[in-house]
Amino acid sequence: MTPSSFGHLTPETLALFADRYELTMLQGYLAREHTPEAAFSLYFRDLPRHRGYVVAAGLEQVLAALDSLTFGERALTYLAEEGFDDDFLDSLADFSFSGDVRAVPEGTVVFPNEPLVEVRAPLPEAQLLETLFLNQVGFQSLVATKAARMRDVVEREGDGQTLVDFGSRRAHGTDAGLKAARAAYVGGFDGTSLLAAGEAFGVPTYGTMAHSWVQSFPTERESFRAFVDTYGDESTLLIDTYDTVAGAELAAEVAREAGVDLRGVRLDSGDLVALSKEVHERLPDVDVFVSSGMDEYTIREFLRSDGVADGFGPGTALTTSRDAPSLDPVYKLVAVEQVGEGGLQPSMKLSSGKVTYPGEKRVGRVEADGTYVHDVLGKRDEAGPGRDLLEPVVRGGERVSASPTLDEIRETTRRNVRSLPPAVRDIEEPGTYEVRVSDGLGAETERLRTRLERREE
């Protein structure tokens with residue numbers, strides 16, 4: 001079989017987005033007829049650096065994957081070449097997910113040890129989802145959180161400036177660039193420069209010109225004139241190829257000569273605060289867009305220094321979440337059916353530093369006067385205070401309801417972040433949001449820990 005030179009997934013190979021040990025275990029489970037009902041939780045243990053919260057994202061891609069998760073001929077041929085048994089491959093040819101999924105809605109703010117997704121299904125089915133789910137939820141949640149922090153800074157320090165994702169060229173691969181653009185929109189951005197994200201998800205797209213446009217003409221004046229002659233009042237000119245202030249003055253002259261009202265100018269280098277003020281003095285009725293080295297920290301400093309901007313174009317720092325590049329989510333078995341026990345029985349790890357809370361969960365969010373006060377992590381069937389965050393999204397392998405639109409998810413994020421205590425929203429030394437463990441879950445954890453420790457003696 002000829003490998004794909006571009007290296008992208010297709011419906012024929014999506015199920016191979018799994019670590020080999022998942023298929024090794026699946027083959028073993030089926031060979032031993034060990035297919036009990038099982039429950040897995042996807043969560044993270046610790047908040048990333050400088051984060052007081054995480055915005056849940058990526059669920060729609062998880063659900064889309066479940067809808068089409070089958071082993072096509074290409075995948076089965078490859079697994080045969082890798083030495084997997086014929087009987088196992090025959091069983092994979094009929095694979096489809098038949099279980100249940102509960103999840104917090106995208107745009108919800110979440111905290112350590114709270115499940116973003118819980119899966120209940122026959123063990124082989126649930127096991128197969130590990131790598132795919134972690135990849136989609138972990139990365140998008142990381143970028144959505146970074147984006148939400150930038151939007152929050154603009155809301156608290158700015159004047160409603162536009163935020164546009166400029167980071168696809170610096171993302172870690174084409175899929176990462178595409179999903180980062182979606183996640184940024186979920187987090188509160190207004191759009192992206194990436195056309196593929198516009199086509200795939202309906203994210204609004206924005207674009208101006210590059211320095212190469214200016215450099216390709218004999219003079220800067222000719223480059224500006226050619227652009228405004230082509231795009232008229234829609235023109236946004238990049239004015240810092242040679243001298244920013246002179247470029248602003250030239251842009252004004254060209255627009256006046258052409259009878260065009262410029263939409264905007266873009267600054268991409270230099271002392272952005274000082275230059276933005278000078279440009280604004282010369283072009284008071286033209287939008288100023290700033291796109292060099294932007295993130296929540298530099299945007300805050302820019303605004304506090306009275307820089308003038310109508311929009312920002314974060315790139316590398318956004319799509320790589322540069323200051324906190326990993327969420328480290330985990331996908332752990334928390335309950336499994338035991339012969340003679342009746343129903344799912346809670347399960348947990350005892351490894352040092354990696355202890356898990358057993359059983360399926362309920363996350364109750366307690367609010368007062370529109371502000372989140374604390375959460376309660378409890379057993380799924382345990383009555384408790386607050387609004388339950390986990391909602392059924394798949395039952396018996398079928399979606400329970402239609403997914404919200406991307407704009408609805410974006411609004412969920414904004415509403416959630418605004419509802420957090422101000423200290424938790426701080427971008428450098430955030431306060432701690434309290435997540436309480438219910439009496440029932442605490443007792444269950446200690447009971448099971450004692451039983452497992454005795455079993456190991």
# chains A, B, ... in the order shown; residues from 1 in each chain; ligands from 1
>>> closest_atom_pairs(of="stretch 197-289 of chain A", to="stretch 151-170 of chain A", cutoff="10 Å", atoms="only C-alpha atoms", output="JSON lines")
{"residue": "A:Ala197", "atom": "CA", "partner": "A:Ser168", "partner_atom": "CA", "distance": 9.8}
{"residue": "A:Pro204", "atom": "CA", "partner": "A:Val164", "partner_atom": "CA", "distance": 9.2}
{"residue": "A:Thr205", "atom": "CA", "partner": "A:Val164", "partner_atom": "CA", "distance": 8.4}
{"residue": "A:Tyr206", "atom": "CA", "partner": "A:Val164", "partner_atom": "CA", "distance": 7.4}
{"residue": "A:Gly207", "atom": "CA", "partner": "A:Phe166", "partner_atom": "CA", "distance": 9.2}
{"residue": "A:Phe289", "atom": "CA", "partner": "A:Thr162", "partner_atom": "CA", "distance": 8.7}
>>> residues_around(residues="A:Pro36", least_positions_apart="3", cutoff="9 Å", atoms="only C-alpha atoms", output="ChimeraX atom specification")
/A:33,121-124,336-339,344
>>> atom_distance(atom1="atom CA of A:Val366", atom2="atom CA of A:Arg436")
10.8 Å
>>> residues_around(residues="stretch 9-15 of chain A", least_positions_apart="5", cutoff="9 Å", atoms="only C-alpha atoms", output="number ranges by chain")
A: 65, 68-76, 128-129, 132
>>> closest_residue(among="A:Ala31, A:Ala103, A:Ala80, A:Leu272", to="A:Ala57", atoms="only C-alpha atoms")
A:Ala103
>>> closest_residue(among="A:Gly83, A:Pro329, A:Gly7, A:Gly202", to="A:Phe133", atoms="only C-alpha atoms")
A:Pro329
>>> residues_around(residues="A:Val394", least_positions_apart="5", cutoff="9 Å", atoms="only C-alpha atoms", output="list in words")
Leu63, Gly99, Asp100, Val101, Arg102, Arg399, Val400 and Ser401 of chain A
>>> write_last_selection(atoms="C-alpha atoms", output="PDB file, in the first residue's frame")
ATOM      1  CA  LEU A  63     -19.136  13.611  17.680  1.00  0.00           C
ATOM      2  CA  GLY A  99     -22.416   3.372  23.401  1.00  0.00           C
ATOM      3  CA  ASP A 100     -23.382   6.536  25.270  1.00  0.00           C
ATOM      4  CA  VAL A 101     -21.527   9.825  25.636  1.00  0.00           C
ATOM      5  CA  ARG A 102     -22.101  12.646  28.097  1.00  0.00           C
ATOM      6  CA  ARG A 399     -26.762  11.696  18.642  1.00  0.00           C
ATOM      7  CA  VAL A 400     -29.369  12.845  21.113  1.00  0.00           C
ATOM      8  CA  SER A 401     -29.940  16.278  19.590  1.00  0.00           C
TER       9      SER A 401
END
>>> closest_residue(among="A:Leu142, A:Val334, A:Leu79, A:Val286", to="A:Leu92", atoms="only C-alpha atoms")
A:Leu79
>>> closest_atom_pairs(of="stretch 292-341 of chain A", to="stretch 417-429 of chain A", cutoff="12 Å", atoms="only C-alpha atoms", output="CSV")
residue,atom,partner,partner_atom,distance
A:Asp295,CA,A:Ile427,CA,10.8
A:Glu296,CA,A:Ile427,CA,7.6
A:Tyr297,CA,A:Ile427,CA,7.7
A:Thr298,CA,A:Ile427,CA,11.5
A:Ile299,CA,A:Ile427,CA,11.6
A:Arg300,CA,A:Ile427,CA,9.8
A:Asp323,CA,A:Glu428,CA,10.9
A:Ala324,CA,A:Glu428,CA,11.9
>>> write_last_selection(atoms="C-alpha atoms", output="CSV table (one decimal), in the first residue's frame")
chain,number,residue,atom,x,y,z
A,295,ASP,CA,-1.2,37.8,22.8
A,296,GLU,CA,-3.2,38.6,26.0
A,297,TYR,CA,-0.1,40.1,27.7
A,298,THR,CA,1.0,42.4,24.8
A,299,ILE,CA,-2.6,43.4,24.1
A,300,ARG,CA,-3.0,44.4,27.7
A,323,ASP,CA,3.1,30.3,27.1
A,324,ALA,CA,1.2,27.1,28.0
